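coords.tsv (TSV, C-alpha atoms) appears below.
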chain	number	residue	atom	x	y	z
A	1	MET	CA	11.12	-32.14	-6.22
A	2	SER	CA	7.97	-33.02	-4.31
A	3	SER	CA	10.01	-32.65	-1.12
A	4	HIS	CA	9.91	-28.91	-1.81
A	5	ALA	CA	6.12	-28.76	-1.79
A	6	GLY	CA	6.24	-27.72	1.85
A	7	PHE	CA	8.10	-24.52	0.95
A	8	VAL	CA	5.53	-23.66	-1.71
A	9	ILE	CA	2.61	-24.34	0.63
A	10	ALA	CA	4.28	-22.34	3.43
A	11	ALA	CA	4.88	-19.35	1.10
A	12	TYR	CA	1.25	-19.30	-0.11
A	13	GLY	CA	-0.06	-19.98	3.41
A	14	VAL	CA	1.88	-17.13	5.02
A	15	SER	CA	0.85	-14.76	2.22
A	16	PHE	CA	-2.80	-15.74	2.57
A	17	ILE	CA	-2.77	-15.23	6.34
A	18	ALA	CA	-0.94	-11.88	6.13
A	19	LEU	CA	-3.19	-10.50	3.39
A	20	ALA	CA	-6.33	-11.76	5.14
A	21	GLY	CA	-5.12	-9.96	8.26
A	22	LEU	CA	-4.50	-6.75	6.30
A	23	ILE	CA	-7.92	-6.89	4.63
A	24	GLY	CA	-9.56	-7.70	7.98
A	25	TRP	CA	-7.82	-4.77	9.65
A	26	VAL	CA	-9.03	-2.35	6.94
A	27	PHE	CA	-12.63	-3.58	7.38
A	28	ILE	CA	-12.49	-3.44	11.19
A	29	ASP	CA	-11.05	0.09	11.04
A	30	GLN	CA	-13.84	1.10	8.65
A	31	ARG	CA	-16.46	-0.26	11.02
A	32	LEU	CA	-14.89	1.46	14.08
A	33	GLN	CA	-14.71	4.87	12.39
A	34	ASN	CA	-18.25	4.64	11.03
A	35	ARG	CA	-19.57	3.66	14.44
A	36	ALA	CA	-17.79	6.61	16.07
A	37	LEU	CA	-19.14	8.98	13.39
A	38	ARG	CA	-22.70	7.73	13.86
A	39	GLN	CA	-22.44	8.11	17.65
A	40	LEU	CA	-21.15	11.68	17.37
A	41	GLU	CA	-23.81	12.58	14.82
A	42	SER	CA	-26.55	11.11	17.02
A	43	ARG	CA	-25.30	13.36	19.83
A	44	GLY	CA	-25.81	16.30	17.47
A	45	VAL	CA	-22.13	17.04	16.96
A	46	ARG	CA	-21.38	18.70	13.62
A	47	ARG	CA	-18.09	19.28	11.88
A	48	ARG	CA	-17.03	22.89	11.47
A	49	SER	CA	-17.40	22.60	7.69
A	50	GLU	CA	-21.03	21.57	8.23
A	51	GLY	CA	-21.63	24.60	10.45
A	52	LYS	CA	-23.93	27.59	9.95
A	53	GLY	CA	-22.70	28.77	6.55
A	54	ALA	CA	-22.43	25.43	4.81
A	55	GLN	CA	-25.09	23.77	2.75
A	56	PRO	CA	-26.93	20.89	4.37
B	1	MET	CA	-6.88	35.90	-14.73
B	2	SER	CA	-10.21	34.15	-15.00
B	3	GLU	CA	-8.40	31.11	-16.37
B	4	THR	CA	-6.19	31.01	-13.30
B	5	VAL	CA	-9.22	31.19	-11.08
B	6	SER	CA	-10.98	28.33	-12.84
B	7	LYS	CA	-7.80	26.23	-12.77
B	8	THR	CA	-7.45	26.81	-9.08
B	9	GLY	CA	-11.09	25.92	-8.72
B	10	ARG	CA	-10.51	22.57	-10.37
B	11	TRP	CA	-7.53	21.88	-8.12
B	12	ILE	CA	-9.59	22.59	-5.06
B	13	ASP	CA	-12.38	20.39	-6.38
B	14	TRP	CA	-9.99	17.46	-6.53
B	15	ALA	CA	-8.57	18.25	-3.13
B	16	ASN	CA	-12.02	18.17	-1.60
B	17	PRO	CA	-12.17	15.07	0.63
B	18	THR	CA	-15.95	14.87	0.28
B	19	ARG	CA	-15.58	14.60	-3.50
B	20	PHE	CA	-12.91	11.93	-3.00
B	21	MET	CA	-15.23	10.01	-0.68
B	22	SER	CA	-18.02	9.87	-3.25
B	23	PHE	CA	-15.51	8.88	-5.96
B	24	ALA	CA	-14.16	6.10	-3.72
B	25	GLY	CA	-17.69	4.94	-2.88
B	26	VAL	CA	-18.54	4.55	-6.57
B	27	ILE	CA	-15.29	2.94	-7.71
B	28	LEU	CA	-14.51	0.61	-4.77
B	29	PRO	CA	-17.10	-2.16	-5.40
B	30	TRP	CA	-15.97	-2.43	-9.04
B	31	LEU	CA	-12.30	-2.38	-8.10
B	32	ALA	CA	-12.81	-5.04	-5.42
B	33	GLY	CA	-14.79	-7.24	-7.83
B	34	LEU	CA	-12.14	-6.92	-10.52
B	35	THR	CA	-9.42	-7.72	-7.97
B	36	LEU	CA	-11.20	-10.94	-6.95
B	37	ILE	CA	-11.68	-12.05	-10.56
B	38	VAL	CA	-8.09	-11.34	-11.65
B	39	LEU	CA	-6.56	-12.89	-8.50
B	40	ALA	CA	-8.74	-15.99	-8.82
B	41	GLY	CA	-7.74	-16.31	-12.48
B	42	GLY	CA	-4.09	-15.75	-11.60
B	43	LEU	CA	-4.16	-18.39	-8.86
B	44	TRP	CA	-5.79	-20.89	-11.20
B	45	MET	CA	-3.17	-20.16	-13.89
B	46	SER	CA	-0.42	-20.51	-11.27
B	47	MET	CA	-1.69	-23.94	-10.26
B	48	GLN	CA	-1.85	-25.02	-13.91
B	49	ALA	CA	1.63	-23.73	-14.70
B	50	PRO	CA	4.27	-26.40	-15.31
B	51	ASP	CA	7.17	-27.00	-12.92
B	52	ASP	CA	10.49	-25.45	-13.87
B	53	TYR	CA	13.03	-27.95	-15.24
B	54	GLN	CA	15.60	-26.81	-12.69
B	55	GLN	CA	13.56	-25.39	-9.82
B	56	GLY	CA	10.68	-27.84	-9.87
B	57	ALA	CA	7.59	-26.79	-7.91
B	58	THR	CA	9.37	-23.98	-6.06
B	59	VAL	CA	9.02	-21.80	-9.17
B	60	LYS	CA	5.39	-21.35	-8.03
B	61	ILE	CA	6.72	-19.12	-5.24
B	62	MET	CA	7.73	-16.70	-8.01
B	63	PHE	CA	4.06	-15.97	-8.79
B	64	ILE	CA	3.62	-14.32	-5.39
B	65	HIS	CA	7.19	-13.30	-4.49
B	66	VAL	CA	7.78	-11.14	-7.58
B	67	PRO	CA	4.44	-9.22	-7.38
B	68	PHE	CA	5.03	-8.57	-3.65
B	69	ALA	CA	8.51	-7.22	-4.39
B	70	TRP	CA	7.22	-5.01	-7.24
B	71	LEU	CA	4.42	-3.68	-5.06
B	72	SER	CA	6.76	-2.95	-2.16
B	73	MET	CA	8.61	-0.55	-4.49
B	74	MET	CA	5.51	0.80	-6.22
B	75	CYS	CA	3.89	1.59	-2.87
B	76	TYR	CA	6.97	3.51	-1.75
B	77	THR	CA	7.02	5.41	-5.05
B	78	ILE	CA	3.37	6.39	-4.55
B	79	MET	CA	4.24	7.54	-1.02
B	80	THR	CA	7.11	9.63	-2.45
B	81	ILE	CA	4.76	11.32	-4.93
B	82	ALA	CA	2.37	11.90	-2.01
B	83	ALA	CA	5.26	13.39	0.00
B	84	LEU	CA	5.86	15.86	-2.85
B	85	GLY	CA	2.13	16.58	-2.80
B	86	THR	CA	2.36	17.40	0.89
B	87	LEU	CA	5.51	19.53	0.71
B	88	VAL	CA	5.10	21.29	-2.65
B	89	TRP	CA	1.35	21.61	-3.28
B	90	ARG	CA	0.08	21.08	0.26
B	91	HIS	CA	-2.60	18.86	-1.19
B	92	PRO	CA	-4.88	17.82	1.68
B	93	LEU	CA	-5.24	14.25	0.41
B	94	ALA	CA	-1.50	13.69	-0.09
B	95	ASP	CA	-0.77	13.06	3.57
B	96	VAL	CA	-3.86	10.85	3.86
B	97	SER	CA	-2.61	8.83	0.89
B	98	ALA	CA	0.91	8.41	2.31
B	99	LYS	CA	-0.31	7.46	5.78
B	100	ALA	CA	-2.81	4.93	4.39
B	101	ALA	CA	-0.26	3.36	2.03
B	102	ALA	CA	2.52	2.75	4.58
B	103	PRO	CA	1.06	-0.30	6.43
B	104	ILE	CA	0.02	-1.89	3.14
B	105	GLY	CA	3.52	-1.40	1.75
B	106	ALA	CA	5.04	-2.83	4.92
B	107	VAL	CA	2.94	-6.01	4.62
B	108	PHE	CA	3.87	-6.48	0.95
B	109	THR	CA	7.56	-5.91	1.75
B	110	ALA	CA	7.48	-8.38	4.65
B	111	LEU	CA	5.80	-10.94	2.38
B	112	ALA	CA	8.42	-10.38	-0.34
B	113	LEU	CA	11.12	-11.10	2.25
B	114	ILE	CA	9.35	-14.14	3.75
B	115	THR	CA	8.40	-15.75	0.43
B	116	GLY	CA	11.91	-15.02	-0.86
B	117	SER	CA	13.37	-16.72	2.17
B	118	LEU	CA	11.11	-19.74	1.66
B	119	TRP	CA	12.30	-19.86	-1.94
B	120	GLY	CA	15.95	-19.32	-1.02
B	121	LYS	CA	16.18	-22.24	1.38
B	122	PRO	CA	15.46	-25.02	-1.16
B	123	MET	CA	17.14	-23.25	-4.13
B	124	TRP	CA	20.15	-21.49	-2.59
B	125	GLY	CA	20.50	-23.66	0.49
B	126	THR	CA	20.07	-20.71	2.82
B	127	TRP	CA	17.18	-18.73	4.29
B	128	TRP	CA	19.04	-15.44	4.17
B	129	VAL	CA	22.24	-13.78	2.98
B	130	TRP	CA	23.24	-10.18	3.49
B	131	ASP	CA	23.67	-9.51	-0.23
B	132	ALA	CA	22.84	-6.11	-1.72
B	133	ARG	CA	19.33	-7.00	-2.93
B	134	LEU	CA	18.14	-8.69	0.25
B	135	THR	CA	19.72	-6.06	2.49
B	136	SER	CA	18.28	-3.11	0.54
B	137	VAL	CA	14.77	-4.64	0.65
B	138	PHE	CA	15.20	-5.22	4.39
B	139	VAL	CA	16.13	-1.53	4.72
B	140	LEU	CA	12.94	-0.69	2.78
B	141	PHE	CA	10.95	-2.71	5.32
B	142	LEU	CA	12.59	-0.77	8.17
B	143	MET	CA	11.80	2.51	6.35
B	144	TYR	CA	8.14	1.52	6.21
B	145	LEU	CA	8.14	0.77	9.95
B	146	GLY	CA	9.80	4.13	10.68
B	147	ILE	CA	7.25	5.98	8.55
B	148	ILE	CA	4.34	4.13	10.19
B	149	ALA	CA	5.69	5.06	13.63
B	150	LEU	CA	6.18	8.70	12.63
B	151	THR	CA	2.69	9.07	11.10
B	152	ARG	CA	1.22	7.87	14.38
B	153	ALA	CA	3.62	9.63	16.75
B	154	MET	CA	1.81	12.97	16.87
B	155	ASP	CA	-1.82	13.72	17.61
B	156	ASP	CA	-2.04	16.48	15.02
B	157	PRO	CA	-1.76	14.97	11.53
B	158	ALA	CA	-0.68	18.35	10.12
B	159	LYS	CA	2.48	18.23	12.25
B	160	SER	CA	3.49	14.67	11.45
B	161	ALA	CA	2.68	15.14	7.73
B	162	ARG	CA	5.74	17.33	7.02
B	163	ALA	CA	8.17	15.19	8.99
B	164	THR	CA	6.84	12.02	7.38
B	165	ALA	CA	7.03	13.56	3.91
B	166	ILE	CA	10.68	14.57	4.39
B	167	LEU	CA	11.62	11.11	5.73
B	168	THR	CA	9.79	9.46	2.80
B	169	LEU	CA	11.58	11.65	0.24
B	170	VAL	CA	15.00	10.94	1.73
B	171	GLY	CA	14.25	7.22	1.84
B	172	PHE	CA	13.36	7.15	-1.86
B	173	ILE	CA	17.10	6.89	-2.61
B	174	ASN	CA	16.71	3.23	-1.62
B	175	ILE	CA	14.34	2.41	-4.50
B	176	PRO	CA	16.89	2.71	-7.37
B	177	ILE	CA	19.39	0.95	-5.10
B	178	ILE	CA	16.99	-2.01	-4.75
B	179	LYS	CA	16.24	-2.03	-8.48
B	180	PHE	CA	19.87	-1.91	-9.64
B	181	SER	CA	21.51	-3.71	-6.70
B	182	VAL	CA	21.58	-6.93	-8.72
B	183	ASP	CA	23.49	-5.16	-11.52
B	184	TRP	CA	25.80	-3.00	-9.43
B	185	TRP	CA	26.94	-5.67	-6.99
B	186	ASN	CA	27.62	-9.36	-7.03
B	187	THR	CA	24.49	-10.77	-5.43
B	188	LEU	CA	23.19	-14.24	-4.71
B	189	HIS	CA	19.83	-12.90	-5.85
B	190	GLN	CA	19.42	-13.22	-9.61
B	191	PRO	CA	19.32	-10.13	-11.88
B	192	ALA	CA	16.10	-8.88	-13.49
B	193	SER	CA	14.49	-11.44	-15.80
B	194	VAL	CA	11.09	-9.93	-16.65
B	195	PHE	CA	11.67	-6.24	-17.47
B	196	ARG	CA	15.10	-6.19	-19.04
B	197	MET	CA	16.83	-5.14	-22.27
B	198	GLY	CA	16.36	-7.86	-24.86
B	199	GLY	CA	13.06	-9.10	-23.41
B	200	SER	CA	12.04	-11.49	-20.69
B	201	THR	CA	14.08	-14.64	-20.08
B	202	ILE	CA	11.07	-16.43	-18.57
B	203	ASP	CA	9.10	-18.89	-20.70
B	204	GLY	CA	5.58	-17.81	-21.60
B	205	SER	CA	4.02	-20.70	-19.63
B	206	LEU	CA	5.44	-19.14	-16.43
B	207	LEU	CA	5.40	-15.49	-17.52
B	208	ARG	CA	1.64	-15.36	-18.21
B	209	PRO	CA	0.52	-16.45	-14.70
B	210	LEU	CA	3.15	-14.12	-13.22
B	211	LEU	CA	1.79	-11.10	-15.09
B	212	VAL	CA	-1.84	-11.92	-14.21
B	213	MET	CA	-0.89	-12.32	-10.54
B	214	ALA	CA	1.04	-9.04	-10.67
B	215	ILE	CA	-2.02	-7.23	-12.09
B	216	GLY	CA	-4.25	-8.93	-9.49
B	217	PHE	CA	-2.09	-7.91	-6.54
B	218	THR	CA	-1.73	-4.38	-7.95
B	219	LEU	CA	-5.53	-4.13	-8.08
B	220	LEU	CA	-5.66	-5.47	-4.51
B	221	PHE	CA	-3.20	-2.78	-3.47
B	222	PHE	CA	-5.29	0.02	-4.98
B	223	THR	CA	-8.50	-1.38	-3.48
B	224	LEU	CA	-6.95	-1.52	-0.01
B	225	HIS	CA	-5.26	1.86	-0.44
B	226	LEU	CA	-8.53	3.58	-1.38
B	227	MET	CA	-10.32	1.88	1.54
B	228	ALA	CA	-7.55	2.84	3.97
B	229	MET	CA	-7.60	6.44	2.69
B	230	ARG	CA	-11.34	6.58	3.24
B	231	ASN	CA	-10.86	5.19	6.76
B	232	GLU	CA	-8.22	7.83	7.45
B	233	ILE	CA	-10.56	10.64	6.33
B	234	TRP	CA	-13.31	9.24	8.55
B	235	ARG	CA	-10.82	9.00	11.44
B	236	ARG	CA	-9.90	12.68	11.01
B	237	ARG	CA	-13.56	13.64	10.90
B	238	VAL	CA	-14.13	11.73	14.15
B	239	VAL	CA	-11.20	13.56	15.79
B	240	ALA	CA	-12.46	16.94	14.51
B	241	MET	CA	-15.99	16.25	15.75
B	242	ARG	CA	-14.74	15.09	19.16
B	243	ARG	CA	-12.81	18.35	19.40
B	244	VAL	CA	-15.95	20.34	18.56
B	245	ALA	CA	-17.91	18.31	21.10
B	246	ALA	CA	-15.29	18.93	23.80
B	247	ARG	CA	-15.27	22.67	23.05
B	248	ASN	CA	-19.05	22.81	23.22
B	249	ALA	CA	-18.99	20.94	26.53
B	250	ASP	CA	-16.53	23.50	27.92
B	251	ARG	CA	-18.77	26.35	26.84
B	252	GLY	CA	-21.82	24.50	28.11
B	253	PRO	CA	-24.41	26.04	30.42
B	254	VAL	CA	-22.91	27.23	33.71
B	255	GLN	CA	-24.74	25.75	36.67
Would you mind writing the file's structure down as structure tokens?
Amino acid sequence: MSSHAGFVIAAYGVSFIALAGLIGWVFIDQRLQNRALRQLESRGVRRRSEGKGAQP
Amino acid sequence: MSETVSKTGRWIDWANPTRFMSFAGVILPWLAGLTLIVLAGGLWMSMQAPDDYQQGATVKIMFIHVPFAWLSMMCYTIMTIAALGTLVWRHPLADVSAKAAAPIGAVFTALALITGSLWGKPMWGTWWVWDARLTSVFVLFLMYLGIIALTRAMDDPAKSARATAILTLVGFINIPIIKFSVDWWNTLHQPASVFRMGGSTIDGSLLRPLLVMAIGFTLLFFTLHLMAMRNEIWRRRVVAMRRVAARNADRGPVQ
């Protein structure tokens, strides 16, 4: 049965790579959006909901 | 009357993305920590688990294949509930939830197919057969891809939300087909052996690691889903602010 070890390792390996990619993508996306938000805020852009009437 | 007002008030409170963001910010570190602990424990238990007397070491593929397959269906079910939220209650977070869940569901479905294939080759002697279970899960994968494409096809999320919700609802018919395909048709894939009438047919030494891994991957799903939802809300804020900035630039001082 040890000849099947390759299948087990391949299954875990593929899963690890795919999930690492998914987790990495979520973190990169988070970083990109936060950077864009900070840039816009530093240029003094406000969302409509943060406009005149809204609380600070 | 006043009761109606307060009820509506509570609804709106929950629909408030800012409130969701602070909730996510508080819960995410705990959820991520718990995910790591349970998955680490599950992996350790999987390594300790004995080989199956018939399947040998390949039974270890079960500990990841089965949770991936469960999650592929759970994710679609969550997206269906979100689709109802979009169409019936017009809940502002419902579309965000569906859009954020789709890529995660697609990855879990792809992994269920790949790990199943890697299990099928040594045990069945083939990578793939077009039996009802494998085909219906492949259709689920294609549904995910279609939904991902549709959620990103239009610039205005409000427009794509309705179309995506309707497609998601129609596609839900596939979920009971996947679940019962092994009972309704003659499939190479085995019938259910964990949740079935008369109890599980899997020995406790293999069932325990499987359940811990399933809980671990479910926690991972919710962690990633919450993070992706938060990203999506940030993305929409960025788009809204760019629009405001562009409008202000148009109205800017005339030279």
Polymer residues at most 10 Å from (5.0, -20.5, 4.3) by only C-alpha atoms, as an MDAnalysis selection string: (chainID A and resid 6:17) or (chainID B and resid 61 111 114:115 117:119)
With a cut-off of 8 Å, could you pull out the residues of chain A touching chain B and give me the nearest pair of atoms for each, distance in Å to one decimal, using all atoms listed in the file, ordered by chain and ascending number, as JSON lines?
{"residue": "A:Met1", "atom": "CA", "partner": "B:Gly56", "partner_atom": "CA", "distance": 5.7}
{"residue": "A:Ser2", "atom": "CA", "partner": "B:Ala57", "partner_atom": "CA", "distance": 7.2}
{"residue": "A:His4", "atom": "CA", "partner": "B:Thr58", "partner_atom": "CA", "distance": 6.5}
{"residue": "A:Ala5", "atom": "CA", "partner": "B:Ala57", "partner_atom": "CA", "distance": 6.6}
{"residue": "A:Phe7", "atom": "CA", "partner": "B:Leu118", "partner_atom": "CA", "distance": 5.7}
{"residue": "A:Val8", "atom": "CA", "partner": "B:Thr58", "partner_atom": "CA", "distance": 5.8}
{"residue": "A:Ala10", "atom": "CA", "partner": "B:Leu118", "partner_atom": "CA", "distance": 7.5}
{"residue": "A:Ala11", "atom": "CA", "partner": "B:Thr115", "partner_atom": "CA", "distance": 5.1}
{"residue": "A:Tyr12", "atom": "CA", "partner": "B:Ile61", "partner_atom": "CA", "distance": 7.5}
{"residue": "A:Val14", "atom": "CA", "partner": "B:Leu111", "partner_atom": "CA", "distance": 7.8}
{"residue": "A:Ser15", "atom": "CA", "partner": "B:Leu111", "partner_atom": "CA", "distance": 6.3}
{"residue": "A:Ala18", "atom": "CA", "partner": "B:Val107", "partner_atom": "CA", "distance": 7.2}
{"residue": "A:Leu19", "atom": "CA", "partner": "B:Val107", "partner_atom": "CA", "distance": 7.7}
{"residue": "A:Leu22", "atom": "CA", "partner": "B:Ile104", "partner_atom": "CA", "distance": 7.4}
{"residue": "A:Ile23", "atom": "CA", "partner": "B:Leu224", "partner_atom": "CA", "distance": 7.2}
{"residue": "A:Val26", "atom": "CA", "partner": "B:Ala228", "partner_atom": "CA", "distance": 6.2}
{"residue": "A:Asp29", "atom": "CA", "partner": "B:Asn231", "partner_atom": "CA", "distance": 6.7}
{"residue": "A:Gln30", "atom": "CA", "partner": "B:Asn231", "partner_atom": "CA", "distance": 5.4}
{"residue": "A:Gln33", "atom": "CA", "partner": "B:Arg235", "partner_atom": "CA", "distance": 5.8}
{"residue": "A:Asn34", "atom": "CA", "partner": "B:Trp234", "partner_atom": "CA", "distance": 7.2}
{"residue": "A:Ala36", "atom": "CA", "partner": "B:Val238", "partner_atom": "CA", "distance": 6.6}
{"residue": "A:Leu37", "atom": "CA", "partner": "B:Val238", "partner_atom": "CA", "distance": 5.8}
{"residue": "A:Leu40", "atom": "CA", "partner": "B:Met241", "partner_atom": "CA", "distance": 7.1}
{"residue": "A:Val45", "atom": "CA", "partner": "B:Ala245", "partner_atom": "CA", "distance": 6.0}
{"residue": "A:Arg46", "atom": "CA", "partner": "B:Met241", "partner_atom": "CA", "distance": 6.3}
{"residue": "A:Arg47", "atom": "CA", "partner": "B:Met241", "partner_atom": "CA", "distance": 5.3}
{"residue": "A:Arg48", "atom": "CA", "partner": "B:Val244", "partner_atom": "CA", "distance": 7.6}
d(CA of Ser160 (chain B), CA of Leu87 (chain B)) in Å: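 Rounded to one decimal, the two atoms are 12.0 Å apart.
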Å distance separating CA of Trp70 (chain B) from CA of Ile166 (chain B), one decimal place: 23.0 Å
Separation of CA of Leu71 (chain B) from CA of Phe217 (chain B) in Å: 7.9 Å
Need to verify the contact set: Gln190 (chain B), 10 Å, all atoms listed in the file, exclusion of same-chain residues closer than 6 positions in sequence. Can you return it as an mmCIF file with C-alpha atoms, in the frame of the given file?
data_model
loop_
_atom_site.group_PDB
_atom_site.id
_atom_site.type_symbol
_atom_site.label_atom_id
_atom_site.label_comp_id
_atom_site.auth_asym_id
_atom_site.auth_seq_id
_atom_site.Cartn_x
_atom_site.Cartn_y
_atom_site.Cartn_z
ATOM 1 C CA ARG B 133 19.330 -7.000 -2.930
ATOM 2 C CA VAL B 182 21.580 -6.930 -8.720
ATOM 3 C CA ASP B 183 23.490 -5.160 -11.520
#
Proximity to Val137 (chain B) - best of B:Ala98, B:Ala158, B:Leu150, B:Met73, only C-alpha atoms: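 Of the candidates, the smallest distance to Val137 (chain B) is held by B:Met73.
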As JSON, please: the centre and edge lengths in Å, to one decimal, of an axis-aligned box enclosing every listed atom of region 157-169 of chain B with 3 Å added on each side.
{"center_x": 4.9, "center_y": 13.9, "center_z": 6.2, "size_x": 19.4, "size_y": 14.9, "size_z": 18.0}
Residues near region 141-145 of chain B, cut-off 12 Å, all atoms listed in the file, skip fewer than 2 positions along chain, as JSON, numbers by chain: {"B": [69, 72, 73, 75, 76, 77, 79, 80, 98, 99, 100, 101, 102, 103, 104, 105, 106, 107, 108, 109, 110, 111, 112, 113, 114, 134, 135, 136, 137, 138, 139, 147, 148, 149, 150, 151, 152, 164, 167, 168, 169, 170, 171, 172, 173, 174, 175, 178]}
So that I have them on file, write out the residues from the current selection with C-alpha atoms, as an mmCIF file, in the frame of the given file.
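Saved the output as part-v2.cif:
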data_model
loop_
_atom_site.group_PDB
_atom_site.id
_atom_site.type_symbol
_atom_site.label_atom_id
_atom_site.label_comp_id
_atom_site.auth_asym_id
_atom_site.auth_seq_id
_atom_site.Cartn_x
_atom_site.Cartn_y
_atom_site.Cartn_z
ATOM 1 C CA ALA B 69 8.510 -7.220 -4.390
ATOM 2 C CA SER B 72 6.760 -2.950 -2.160
ATOM 3 C CA MET B 73 8.610 -0.550 -4.490
ATOM 4 C CA CYS B 75 3.890 1.590 -2.870
ATOM 5 C CA TYR B 76 6.970 3.510 -1.750
ATOM 6 C CA THR B 77 7.020 5.410 -5.050
ATOM 7 C CA MET B 79 4.240 7.540 -1.020
ATOM 8 C CA THR B 80 7.110 9.630 -2.450
ATOM 9 C CA ALA B 98 0.910 8.410 2.310
ATOM 10 C CA LYS B 99 -0.310 7.460 5.780
ATOM 11 C CA ALA B 100 -2.810 4.930 4.390
ATOM 12 C CA ALA B 101 -0.260 3.360 2.030
ATOM 13 C CA ALA B 102 2.520 2.750 4.580
ATOM 14 C CA PRO B 103 1.060 -0.300 6.430
ATOM 15 C CA ILE B 104 0.020 -1.890 3.140
ATOM 16 C CA GLY B 105 3.520 -1.400 1.750
ATOM 17 C CA ALA B 106 5.040 -2.830 4.920
ATOM 18 C CA VAL B 107 2.940 -6.010 4.620
ATOM 19 C CA PHE B 108 3.870 -6.480 0.950
ATOM 20 C CA THR B 109 7.560 -5.910 1.750
ATOM 21 C CA ALA B 110 7.480 -8.380 4.650
ATOM 22 C CA LEU B 111 5.800 -10.940 2.380
ATOM 23 C CA ALA B 112 8.420 -10.380 -0.340
ATOM 24 C CA LEU B 113 11.120 -11.100 2.250
ATOM 25 C CA ILE B 114 9.350 -14.140 3.750
ATOM 26 C CA LEU B 134 18.140 -8.690 0.250
ATOM 27 C CA THR B 135 19.720 -6.060 2.490
ATOM 28 C CA SER B 136 18.280 -3.110 0.540
ATOM 29 C CA VAL B 137 14.770 -4.640 0.650
ATOM 30 C CA PHE B 138 15.200 -5.220 4.390
ATOM 31 C CA VAL B 139 16.130 -1.530 4.720
ATOM 32 C CA ILE B 147 7.250 5.980 8.550
ATOM 33 C CA ILE B 148 4.340 4.130 10.190
ATOM 34 C CA ALA B 149 5.690 5.060 13.630
ATOM 35 C CA LEU B 150 6.180 8.700 12.630
ATOM 36 C CA THR B 151 2.690 9.070 11.100
ATOM 37 C CA ARG B 152 1.220 7.870 14.380
ATOM 38 C CA THR B 164 6.840 12.020 7.380
ATOM 39 C CA LEU B 167 11.620 11.110 5.730
ATOM 40 C CA THR B 168 9.790 9.460 2.800
ATOM 41 C CA LEU B 169 11.580 11.650 0.240
ATOM 42 C CA VAL B 170 15.000 10.940 1.730
ATOM 43 C CA GLY B 171 14.250 7.220 1.840
ATOM 44 C CA PHE B 172 13.360 7.150 -1.860
ATOM 45 C CA ILE B 173 17.100 6.890 -2.610
ATOM 46 C CA ASN B 174 16.710 3.230 -1.620
ATOM 47 C CA ILE B 175 14.340 2.410 -4.500
ATOM 48 C CA ILE B 178 16.990 -2.010 -4.750
#
Residue nearest Ala83 (chain B) - candidates B:Ala165, B:Ala132, B:Val66, B:Ala49, atoms counted: only C-alpha atoms: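 Of the candidates, the smallest distance to Ala83 (chain B) is held by B:Ala165.
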